Amino acid sequence: MVRGGGERLGIKNKLDVLAVTLIATIMMVVLGLVYFFLTLLVVKVATDVLFDDSLSASWGAASAALVTAAVILSGALEKKRD
């Protein structure tokens, strides 16, 4: 595998890149789940406070999933400022 500068990556460097990628992926999944559960808690508390009727589990999970997906996508697509 050749990098932009022309140097070749050895097997150890490739394994290091793979390990960093796997760790970053696991961290992103864990942080996404934590954010989902926090959003679900906020949605549940907000519906209990604003409405007398309780929130069904399917609608709560759907709304929390939509909010979580929107936040993660907007963070990924945000234009970086220098």
# chains A, B, ... in the order shown; residues from 1 in each chain; ligands from 1

call {"tool": "closest_atom_pairs", "arguments": {"of": "range 4-41 of chain A", "to": "range 60-82 of chain A", "cutoff": "7 Å", "atoms": "only C-alpha atoms", "output": "Markdown table"}}
result
| residue | atom | partner | partner_atom | distance |
| --- | --- | --- | --- | --- |
| A:Tyr35 | CA | A:Thr68 | CA | 6.8 |
| A:Phe36 | CA | A:Thr68 | CA | 5.8 |
| A:Thr39 | CA | A:Ala64 | CA | 5.5 |
| A:Leu40 | CA | A:Ala64 | CA | 5.0 |

call {"tool": "select_by_dssp", "arguments": {"residues": "range 4-46 of chain A", "states": "alpha helix (DSSP H)", "output": "PyMOL selection string"}}
result
chain A and resi 11-46

call {"tool": "atom_distance", "arguments": {"atom1": "CA of Leu22 in chain A", "atom2": "CA of Arg8 in chain A"}}
result
21.6 Å

call {"tool": "atom_distance", "arguments": {"atom1": "CA of Trp59 in chain A", "atom2": "CA of Thr47 in chain A"}}
result
10.9 Å
